[in-house]
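So this one's start_3.pdb, PDB, C-alpha atoms and all ligand atoms:
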MODEL        1
ATOM      1  CA  MET A 216      59.030 143.447   9.285  1.00  0.00           C
ATOM      2  CA  LYS A 217      62.277 142.129  10.763  1.00  0.00           C
ATOM      3  CA  PHE A 218      63.815 138.797   9.767  1.00  0.00           C
ATOM      4  CA  VAL A 219      66.773 136.786  10.971  1.00  0.00           C
ATOM      5  CA  LEU A 220      68.959 135.148   8.336  1.00  0.00           C
ATOM      6  CA  ALA A 221      69.799 131.552   9.261  1.00  0.00           C
ATOM      7  CA  SER A 222      73.468 132.032   8.416  1.00  0.00           C
ATOM      8  CA  HIS A 223      76.624 133.640   9.791  1.00  0.00           C
ATOM      9  CA  ASN A 224      77.712 134.623   6.277  1.00  0.00           C
ATOM     10  CA  LYS A 225      77.921 138.428   5.872  1.00  0.00           C
ATOM     11  CA  LYS A 226      78.047 138.226   2.055  1.00  0.00           C
ATOM     12  CA  LYS A 227      74.754 136.333   2.036  1.00  0.00           C
ATOM     13  CA  LEU A 228      73.299 138.909   4.422  1.00  0.00           C
ATOM     14  CA  LYS A 229      74.242 141.768   2.095  1.00  0.00           C
ATOM     15  CA  GLU A 230      72.836 139.997  -0.973  1.00  0.00           C
ATOM     16  CA  MET A 231      69.530 139.309   0.793  1.00  0.00           C
ATOM     17  CA  ALA A 232      69.363 142.713   2.509  1.00  0.00           C
ATOM     18  CA  ASP A 233      69.920 144.611  -0.773  1.00  0.00           C
ATOM     19  CA  ILE A 234      66.875 143.018  -2.391  1.00  0.00           C
ATOM     20  CA  LEU A 235      64.604 142.610   0.639  1.00  0.00           C
ATOM     21  CA  GLY A 236      65.366 146.145   1.887  1.00  0.00           C
ATOM     22  CA  LYS A 237      63.509 147.530  -1.146  1.00  0.00           C
ATOM     23  CA  PHE A 238      60.387 145.877   0.246  1.00  0.00           C
ATOM     24  CA  GLY A 239      60.848 147.398   3.709  1.00  0.00           C
ATOM     25  CA  ILE A 240      62.120 144.115   5.133  1.00  0.00           C
ATOM     26  CA  GLN A 241      65.023 144.319   7.579  1.00  0.00           C
ATOM     27  CA  ILE A 242      67.291 141.353   8.001  1.00  0.00           C
ATOM     28  CA  GLU A 243      69.931 140.514  10.583  1.00  0.00           C
ATOM     29  CA  LEU A 244      72.470 137.717  11.041  1.00  0.00           C
ATOM     30  CA  LEU A 245      71.819 134.755  13.319  1.00  0.00           C
ATOM     31  CA  PRO A 246      73.504 135.139  16.738  1.00  0.00           C
ATOM     32  CA  GLU A 247      76.805 133.229  16.991  1.00  0.00           C
ATOM     33  CA  ASN A 248      75.471 131.052  19.842  1.00  0.00           C
ATOM     34  CA  ALA A 249      72.541 129.695  17.801  1.00  0.00           C
ATOM     35  CA  PRO A 250      72.519 125.899  17.364  1.00  0.00           C
ATOM     36  CA  GLU A 251      73.600 124.404  14.024  1.00  0.00           C
ATOM     37  CA  PRO A 252      70.830 122.009  12.992  1.00  0.00           C
ATOM     38  CA  GLU A 253      71.703 118.773  11.211  1.00  0.00           C
ATOM     39  CA  GLU A 254      71.022 119.251   7.486  1.00  0.00           C
ATOM     40  CA  ASN A 255      69.540 115.814   6.932  1.00  0.00           C
ATOM     41  CA  GLY A 256      66.894 116.733   4.350  1.00  0.00           C
ATOM     42  CA  LYS A 257      66.712 114.936   0.996  1.00  0.00           C
ATOM     43  CA  THR A 258      66.259 118.109  -1.047  1.00  0.00           C
ATOM     44  CA  PHE A 259      67.496 121.699  -1.068  1.00  0.00           C
ATOM     45  CA  ALA A 260      63.996 122.785   0.020  1.00  0.00           C
ATOM     46  CA  GLU A 261      63.954 120.400   2.998  1.00  0.00           C
ATOM     47  CA  ASN A 262      67.373 121.593   4.174  1.00  0.00           C
ATOM     48  CA  ALA A 263      66.373 125.252   3.808  1.00  0.00           C
ATOM     49  CA  ARG A 264      63.294 124.555   5.920  1.00  0.00           C
ATOM     50  CA  ILE A 265      65.320 122.762   8.634  1.00  0.00           C
ATOM     51  CA  LYS A 266      67.652 125.790   8.919  1.00  0.00           C
ATOM     52  CA  ALA A 267      64.812 128.355   8.849  1.00  0.00           C
ATOM     53  CA  VAL A 268      62.768 126.575  11.529  1.00  0.00           C
ATOM     54  CA  SER A 269      65.809 126.209  13.791  1.00  0.00           C
ATOM     55  CA  ALA A 270      66.660 129.940  13.494  1.00  0.00           C
ATOM     56  CA  MET A 271      63.010 130.971  13.981  1.00  0.00           C
ATOM     57  CA  LYS A 272      62.710 128.843  17.134  1.00  0.00           C
ATOM     58  CA  PHE A 273      65.983 130.166  18.565  1.00  0.00           C
ATOM     59  CA  THR A 274      65.251 133.866  17.969  1.00  0.00           C
ATOM     60  CA  GLY A 275      61.448 133.988  17.994  1.00  0.00           C
ATOM     61  CA  LEU A 276      61.706 136.060  14.795  1.00  0.00           C
ATOM     62  CA  PRO A 277      60.566 135.166  11.280  1.00  0.00           C
ATOM     63  CA  ALA A 278      63.606 133.451   9.761  1.00  0.00           C
ATOM     64  CA  ILE A 279      64.920 133.082   6.238  1.00  0.00           C
ATOM     65  CA  ALA A 280      67.307 130.322   5.172  1.00  0.00           C
ATOM     66  CA  ASP A 281      68.797 129.132   1.912  1.00  0.00           C
ATOM     67  CA  ASP A 282      70.352 125.923   0.710  1.00  0.00           C
ATOM     68  CA  SER A 283      72.184 125.659  -2.569  1.00  0.00           C
ATOM     69  CA  GLY A 284      74.453 123.527  -4.675  1.00  0.00           C
ATOM     70  CA  LEU A 285      75.552 122.361  -8.101  1.00  0.00           C
ATOM     71  CA  CYS A 286      73.633 119.620  -9.953  1.00  0.00           C
ATOM     72  CA  VAL A 287      75.399 117.918 -12.870  1.00  0.00           C
ATOM     73  CA  ASP A 288      73.279 116.016 -15.429  1.00  0.00           C
ATOM     74  CA  ALA A 289      75.937 113.419 -16.340  1.00  0.00           C
ATOM     75  CA  LEU A 290      76.436 112.615 -12.637  1.00  0.00           C
ATOM     76  CA  GLY A 291      72.732 112.056 -11.964  1.00  0.00           C
ATOM     77  CA  GLY A 292      72.368 115.457 -10.258  1.00  0.00           C
ATOM     78  CA  LYS A 293      75.421 115.121  -8.008  1.00  0.00           C
ATOM     79  CA  PRO A 294      76.957 116.724  -6.031  1.00  0.00           C
ATOM     80  CA  GLY A 295      73.546 118.400  -5.416  1.00  0.00           C
ATOM     81  CA  ILE A 296      72.715 118.784  -1.732  1.00  0.00           C
ATOM     82  CA  TYR A 297      76.163 117.370  -0.941  1.00  0.00           C
ATOM     83  CA  SER A 298      77.984 120.162  -2.833  1.00  0.00           C
ATOM     84  CA  ALA A 299      79.707 121.585   0.256  1.00  0.00           C
ATOM     85  CA  ARG A 300      80.592 118.059   1.451  1.00  0.00           C
ATOM     86  CA  TYR A 301      81.544 116.462  -1.923  1.00  0.00           C
ATOM     87  CA  CYS A 302      84.974 115.693  -0.503  1.00  0.00           C
ATOM     88  CA  GLU A 303      87.211 116.840   2.344  1.00  0.00           C
ATOM     89  CA  GLY A 304      89.562 119.721   1.678  1.00  0.00           C
ATOM     90  CA  SER A 305      89.251 122.975  -0.212  1.00  0.00           C
ATOM     91  CA  ASP A 306      86.978 124.277  -2.973  1.00  0.00           C
ATOM     92  CA  ALA A 307      89.860 123.515  -5.370  1.00  0.00           C
ATOM     93  CA  ASP A 308      89.867 119.874  -4.189  1.00  0.00           C
ATOM     94  CA  ARG A 309      86.113 119.583  -4.780  1.00  0.00           C
ATOM     95  CA  ASN A 310      86.459 121.115  -8.255  1.00  0.00           C
ATOM     96  CA  ALA A 311      89.279 118.665  -9.043  1.00  0.00           C
ATOM     97  CA  LEU A 312      87.150 115.690  -7.926  1.00  0.00           C
ATOM     98  CA  LEU A 313      84.209 116.867 -10.001  1.00  0.00           C
ATOM     99  CA  LEU A 314      86.411 117.294 -13.091  1.00  0.00           C
ATOM    100  CA  LYS A 315      87.853 113.812 -12.530  1.00  0.00           C
ATOM    101  CA  ASN A 316      84.342 112.350 -12.316  1.00  0.00           C
ATOM    102  CA  MET A 317      83.426 114.205 -15.524  1.00  0.00           C
ATOM    103  CA  GLN A 318      86.306 112.741 -17.538  1.00  0.00           C
ATOM    104  CA  GLY A 319      85.021 111.252 -20.794  1.00  0.00           C
ATOM    105  CA  LYS A 320      81.500 112.670 -20.337  1.00  0.00           C
ATOM    106  CA  ASN A 321      80.197 114.545 -23.365  1.00  0.00           C
ATOM    107  CA  ASN A 322      77.114 115.955 -21.643  1.00  0.00           C
ATOM    108  CA  ARG A 323      78.513 118.876 -19.609  1.00  0.00           C
ATOM    109  CA  LYS A 324      75.123 120.392 -18.674  1.00  0.00           C
ATOM    110  CA  CYS A 325      74.655 121.441 -15.065  1.00  0.00           C
ATOM    111  CA  TYR A 326      72.825 123.995 -12.985  1.00  0.00           C
ATOM    112  CA  PHE A 327      73.176 125.784  -9.694  1.00  0.00           C
ATOM    113  CA  ALA A 328      70.064 125.519  -7.526  1.00  0.00           C
ATOM    114  CA  CYS A 329      68.988 127.566  -4.542  1.00  0.00           C
ATOM    115  CA  ALA A 330      66.011 126.931  -2.261  1.00  0.00           C
ATOM    116  CA  ILE A 331      64.885 129.609   0.171  1.00  0.00           C
ATOM    117  CA  CYS A 332      62.491 129.091   3.052  1.00  0.00           C
ATOM    118  CA  CYS A 333      60.897 131.707   5.304  1.00  0.00           C
ATOM    119  CA  ALA A 334      59.563 130.272   8.551  1.00  0.00           C
ATOM    120  CA  PHE A 335      57.141 132.368  10.609  1.00  0.00           C
ATOM    121  CA  PRO A 336      56.450 131.991  14.341  1.00  0.00           C
ATOM    122  CA  ASP A 337      52.755 131.273  13.548  1.00  0.00           C
ATOM    123  CA  GLY A 338      53.811 128.066  11.746  1.00  0.00           C
ATOM    124  CA  SER A 339      53.435 129.349   8.192  1.00  0.00           C
ATOM    125  CA  PHE A 340      56.094 129.119   5.468  1.00  0.00           C
ATOM    126  CA  ILE A 341      57.057 130.731   2.197  1.00  0.00           C
ATOM    127  CA  ASP A 342      59.209 128.631  -0.143  1.00  0.00           C
ATOM    128  CA  SER A 343      61.127 129.794  -3.205  1.00  0.00           C
ATOM    129  CA  PHE A 344      63.492 128.254  -5.704  1.00  0.00           C
ATOM    130  CA  GLY A 345      66.020 129.602  -8.192  1.00  0.00           C
ATOM    131  CA  LYS A 346      68.109 127.974 -10.905  1.00  0.00           C
ATOM    132  CA  CYS A 347      70.995 129.083 -13.101  1.00  0.00           C
ATOM    133  CA  GLU A 348      72.021 126.862 -16.017  1.00  0.00           C
ATOM    134  CA  GLY A 349      75.535 126.316 -17.264  1.00  0.00           C
ATOM    135  CA  GLU A 350      78.132 123.770 -18.309  1.00  0.00           C
ATOM    136  CA  VAL A 351      81.018 122.116 -16.487  1.00  0.00           C
ATOM    137  CA  LEU A 352      84.230 123.420 -18.035  1.00  0.00           C
ATOM    138  CA  ASN A 353      87.270 121.125 -18.489  1.00  0.00           C
ATOM    139  CA  ASN A 354      89.610 123.350 -16.470  1.00  0.00           C
ATOM    140  CA  PRO A 355      88.985 125.924 -13.728  1.00  0.00           C
ATOM    141  CA  LYS A 356      89.071 129.565 -14.873  1.00  0.00           C
ATOM    142  CA  GLY A 357      88.836 132.807 -12.862  1.00  0.00           C
ATOM    143  CA  ASP A 358      89.421 133.806  -9.253  1.00  0.00           C
ATOM    144  CA  ASN A 359      86.117 135.507  -8.425  1.00  0.00           C
ATOM    145  CA  GLY A 360      83.405 133.995  -6.286  1.00  0.00           C
ATOM    146  CA  PHE A 361      83.736 130.739  -4.400  1.00  0.00           C
ATOM    147  CA  GLY A 362      82.919 127.032  -4.560  1.00  0.00           C
ATOM    148  CA  TYR A 363      82.340 125.662  -8.042  1.00  0.00           C
ATOM    149  CA  ASP A 364      82.414 129.113  -9.718  1.00  0.00           C
ATOM    150  CA  PRO A 365      85.681 128.518 -11.659  1.00  0.00           C
ATOM    151  CA  ILE A 366      84.305 125.442 -13.461  1.00  0.00           C
ATOM    152  CA  PHE A 367      80.756 126.768 -14.046  1.00  0.00           C
ATOM    153  CA  TYR A 368      80.637 128.115 -17.618  1.00  0.00           C
ATOM    154  CA  VAL A 369      77.813 130.469 -18.594  1.00  0.00           C
ATOM    155  CA  ARG A 370      77.276 130.401 -22.363  1.00  0.00           C
ATOM    156  CA  GLU A 371      75.441 133.738 -22.460  1.00  0.00           C
ATOM    157  CA  HIS A 372      78.449 135.546 -20.969  1.00  0.00           C
ATOM    158  CA  LYS A 373      81.109 133.288 -22.564  1.00  0.00           C
ATOM    159  CA  CYS A 374      82.952 132.868 -19.277  1.00  0.00           C
ATOM    160  CA  THR A 375      82.805 131.077 -15.931  1.00  0.00           C
ATOM    161  CA  PHE A 376      81.196 132.415 -12.759  1.00  0.00           C
ATOM    162  CA  GLY A 377      84.786 132.696 -11.544  1.00  0.00           C
ATOM    163  CA  GLU A 378      85.529 135.183 -14.346  1.00  0.00           C
ATOM    164  CA  LEU A 379      82.235 137.060 -14.153  1.00  0.00           C
ATOM    165  CA  SER A 380      82.006 140.323 -12.200  1.00  0.00           C
ATOM    166  CA  PRO A 381      80.271 139.911  -8.825  1.00  0.00           C
ATOM    167  CA  GLN A 382      77.648 142.454  -9.951  1.00  0.00           C
ATOM    168  CA  ILE A 383      76.590 140.350 -12.937  1.00  0.00           C
ATOM    169  CA  LYS A 384      76.745 137.103 -10.960  1.00  0.00           C
ATOM    170  CA  ASP A 385      74.485 138.660  -8.317  1.00  0.00           C
ATOM    171  CA  GLU A 386      71.942 139.495 -11.040  1.00  0.00           C
ATOM    172  CA  ILE A 387      71.778 136.117 -12.766  1.00  0.00           C
ATOM    173  CA  SER A 388      72.697 133.596 -10.076  1.00  0.00           C
ATOM    174  CA  HIS A 389      70.411 130.895  -8.711  1.00  0.00           C
ATOM    175  CA  ARG A 390      70.465 132.766  -5.376  1.00  0.00           C
ATOM    176  CA  ALA A 391      69.441 136.071  -7.006  1.00  0.00           C
ATOM    177  CA  VAL A 392      66.526 134.365  -8.799  1.00  0.00           C
ATOM    178  CA  ALA A 393      65.363 132.741  -5.550  1.00  0.00           C
ATOM    179  CA  ILE A 394      65.739 135.960  -3.524  1.00  0.00           C
ATOM    180  CA  ARG A 395      63.724 137.974  -6.063  1.00  0.00           C
ATOM    181  CA  ASP A 396      61.043 135.273  -6.000  1.00  0.00           C
ATOM    182  CA  VAL A 397      60.890 135.248  -2.194  1.00  0.00           C
ATOM    183  CA  ALA A 398      60.813 139.065  -2.120  1.00  0.00           C
ATOM    184  CA  ASN A 399      57.754 139.106  -4.404  1.00  0.00           C
ATOM    185  CA  LYS A 400      56.003 136.457  -2.327  1.00  0.00           C
ATOM    186  CA  LEU A 401      56.828 138.310   0.907  1.00  0.00           C
ATOM    187  CA  LYS A 402      55.460 141.535  -0.535  1.00  0.00           C
ATOM    188  CA  LYS A 403      52.108 139.818  -1.123  1.00  0.00           C
ATOM    189  CA  TYR A 404      52.263 138.113   2.316  1.00  0.00           C
ATOM    190  CA  ILE A 405      52.847 141.447   4.070  1.00  0.00           C
ATOM    191  CA  GLN A 406      50.024 143.167   2.166  1.00  0.00           C
ATOM    192  CA  GLU A 407      47.476 140.461   3.056  1.00  0.00           C
TER     193      GLU A 407
HETATM  194  P1  LIG B   1      75.372 126.715   0.934  1.00  0.00           P
HETATM  195  O1  LIG B   1      73.961 126.391   0.604  1.00  0.00           O
HETATM  196  O2  LIG B   1      75.654 128.190   0.921  1.00  0.00           O
HETATM  197  O3  LIG B   1      75.884 125.987   2.129  1.00  0.00           O
HETATM  198  O4  LIG B   1      76.245 126.186  -0.299  1.00  0.00           O
HETATM  199  C1  LIG B   1      76.421 124.833  -0.553  1.00  0.00           C
HETATM  200  C2  LIG B   1      77.589 124.606  -1.469  1.00  0.00           C
HETATM  201  O5  LIG B   1      77.150 124.704  -2.824  1.00  0.00           O
HETATM  202  C3  LIG B   1      78.730 125.616  -1.347  1.00  0.00           C
HETATM  203  O6  LIG B   1      79.629 125.230  -0.362  1.00  0.00           O
HETATM  204  C4  LIG B   1      79.343 125.545  -2.732  1.00  0.00           C
HETATM  205  O7  LIG B   1      80.188 124.425  -2.837  1.00  0.00           O
HETATM  206  C5  LIG B   1      78.129 125.305  -3.617  1.00  0.00           C
HETATM  207  N1  LIG B   1      77.587 126.582  -4.097  1.00  0.00           N
HETATM  208  C6  LIG B   1      76.399 127.147  -3.756  1.00  0.00           C
HETATM  209  N2  LIG B   1      76.236 128.326  -4.388  1.00  0.00           N
HETATM  210  C7  LIG B   1      77.349 128.505  -5.121  1.00  0.00           C
HETATM  211  C8  LIG B   1      77.776 129.561  -5.975  1.00  0.00           C
HETATM  212  O8  LIG B   1      77.118 130.585  -6.180  1.00  0.00           O
HETATM  213  N3  LIG B   1      78.979 129.385  -6.558  1.00  0.00           N
HETATM  214  C9  LIG B   1      79.750 128.304  -6.356  1.00  0.00           C
HETATM  215  N4  LIG B   1      79.422 127.301  -5.562  1.00  0.00           N
HETATM  216  C10 LIG B   1      78.208 127.397  -4.944  1.00  0.00           C
ENDMDL
END

Can the structure from this file be put into structure tokens for me?
Amino acid sequence: MKFVLASHNKKKLKEMADILGKFGIQIELLPENAPEPEENGKTFAENARIKAVSAMKFTGLPAIADDSGLCVDALGGKPGIYSARYCEGSDADRNALLLKNMQGKNNRKCYFACAICCAFPDGSFIDSFGKCEGEVLNNPKGDNGFGYDPIFYVREHKCTFGELSPQIKDEISHRAVAIRDVANKLKKYIQE
């Protein structure tokens, strides 16, 4: 079965292709001229579905989309679905804003969330979700990864996602959990 990934991100393609390939599922990037749908959902799952449906309609292929972000307990789940748009500027600016908003907060618990949606041309869907729990550190540490990785501390590994090797991050991340879940569901879907 061939899928289109509702993203232009080659790193995401590799991560998805590595896991889904084991199930005989091929995956390709969305053509550059595909429309960018407005991500106006209220949840990660709704935004993933909006992106998957748009890619499926444009290509006529089954489409897979993800939506992810960081949810911080002491900030009522923010930045959440607004993680990429928390403020203008760079990832470093967004990390700085988050740390400013966390000043004086004792509860540092947070989690990365990832929703994945597969949209099929017959109108059916498969939805998956993955979570990875951590704590917001006081200062950024590490140059690996992207986004909020330098301030996301993982107790089990005693370091931030920014310090963790990409191999380990790709095993334990919210995205990895969601991709494995969707792969298992797809396996069943294909067998039926
Ligand atoms: P998207 O769903 O790939 O568009 O990601 C949304 C935003 O969430 C990103 O721009 C990052 O700010 C944040 N984010 C999602 N996943 C990660 C991650 O694995 N590490 C760091 N930040 C992430």

So which residues are near ligand LIG 1 (chain B), meaning at most 10 Å away with all atoms listed in the file counted, given back as a ChimeraX atom specification?
-> /A:222,224,227,254,259,262-263,280-286,294-301,305-306,309-310,327-331,347,359-367,376-377,384-385,388-391

Using only C-alpha atoms, pick whichever of A:Gly291, A:Glu251, A:Phe238, A:Glu386 has the shortest atom-to-atom distance to Val268 of chain A.
->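 Result for the nearest residue to Val268 of chain A: A:Glu251.
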
Specify as a list of chain:residue names each residue included when the PyMOL selection byres (((chain A and resi 243) around 7) and not hetatm) is applied to this file.
->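 For this structure, the PyMOL selection byres (((chain A and resi 243) around 7) and not hetatm) resolves to A:Phe218, A:Val219, A:Leu220, A:Gln241, A:Ile242, A:Leu244, A:Leu245.
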
Test item: residues at most 10 Å from Arg395 of chain A, all atoms listed in the file, excluding those fewer than 2 positions along its chain, as number ranges by chain = A: 231, 234-235, 343-345, 386, 390-393, 397-401

May I have the selected residues written with C-alpha atoms, as a PDB file, in the coordinates of the input?
ATOM      1  CA  MET A 231      69.530 139.309   0.793  1.00  0.00           C
ATOM      2  CA  ILE A 234      66.875 143.018  -2.391  1.00  0.00           C
ATOM      3  CA  LEU A 235      64.604 142.610   0.639  1.00  0.00           C
ATOM      4  CA  SER A 343      61.127 129.794  -3.205  1.00  0.00           C
ATOM      5  CA  PHE A 344      63.492 128.254  -5.704  1.00  0.00           C
ATOM      6  CA  GLY A 345      66.020 129.602  -8.192  1.00  0.00           C
ATOM      7  CA  GLU A 386      71.942 139.495 -11.040  1.00  0.00           C
ATOM      8  CA  ARG A 390      70.465 132.766  -5.376  1.00  0.00           C
ATOM      9  CA  ALA A 391      69.441 136.071  -7.006  1.00  0.00           C
ATOM     10  CA  VAL A 392      66.526 134.365  -8.799  1.00  0.00           C
ATOM     11  CA  ALA A 393      65.363 132.741  -5.550  1.00  0.00           C
ATOM     12  CA  VAL A 397      60.890 135.248  -2.194  1.00  0.00           C
ATOM     13  CA  ALA A 398      60.813 139.065  -2.120  1.00  0.00           C
ATOM     14  CA  ASN A 399      57.754 139.106  -4.404  1.00  0.00           C
ATOM     15  CA  LYS A 400      56.003 136.457  -2.327  1.00  0.00           C
ATOM     16  CA  LEU A 401      56.828 138.310   0.907  1.00  0.00           C
TER      17      LEU A 401
END

Using atom CA of Arg264 of chain A and atom CA of Leu313 of chain A as the two end points, give the distance in Å to one decimal.
-> 27.4 Å
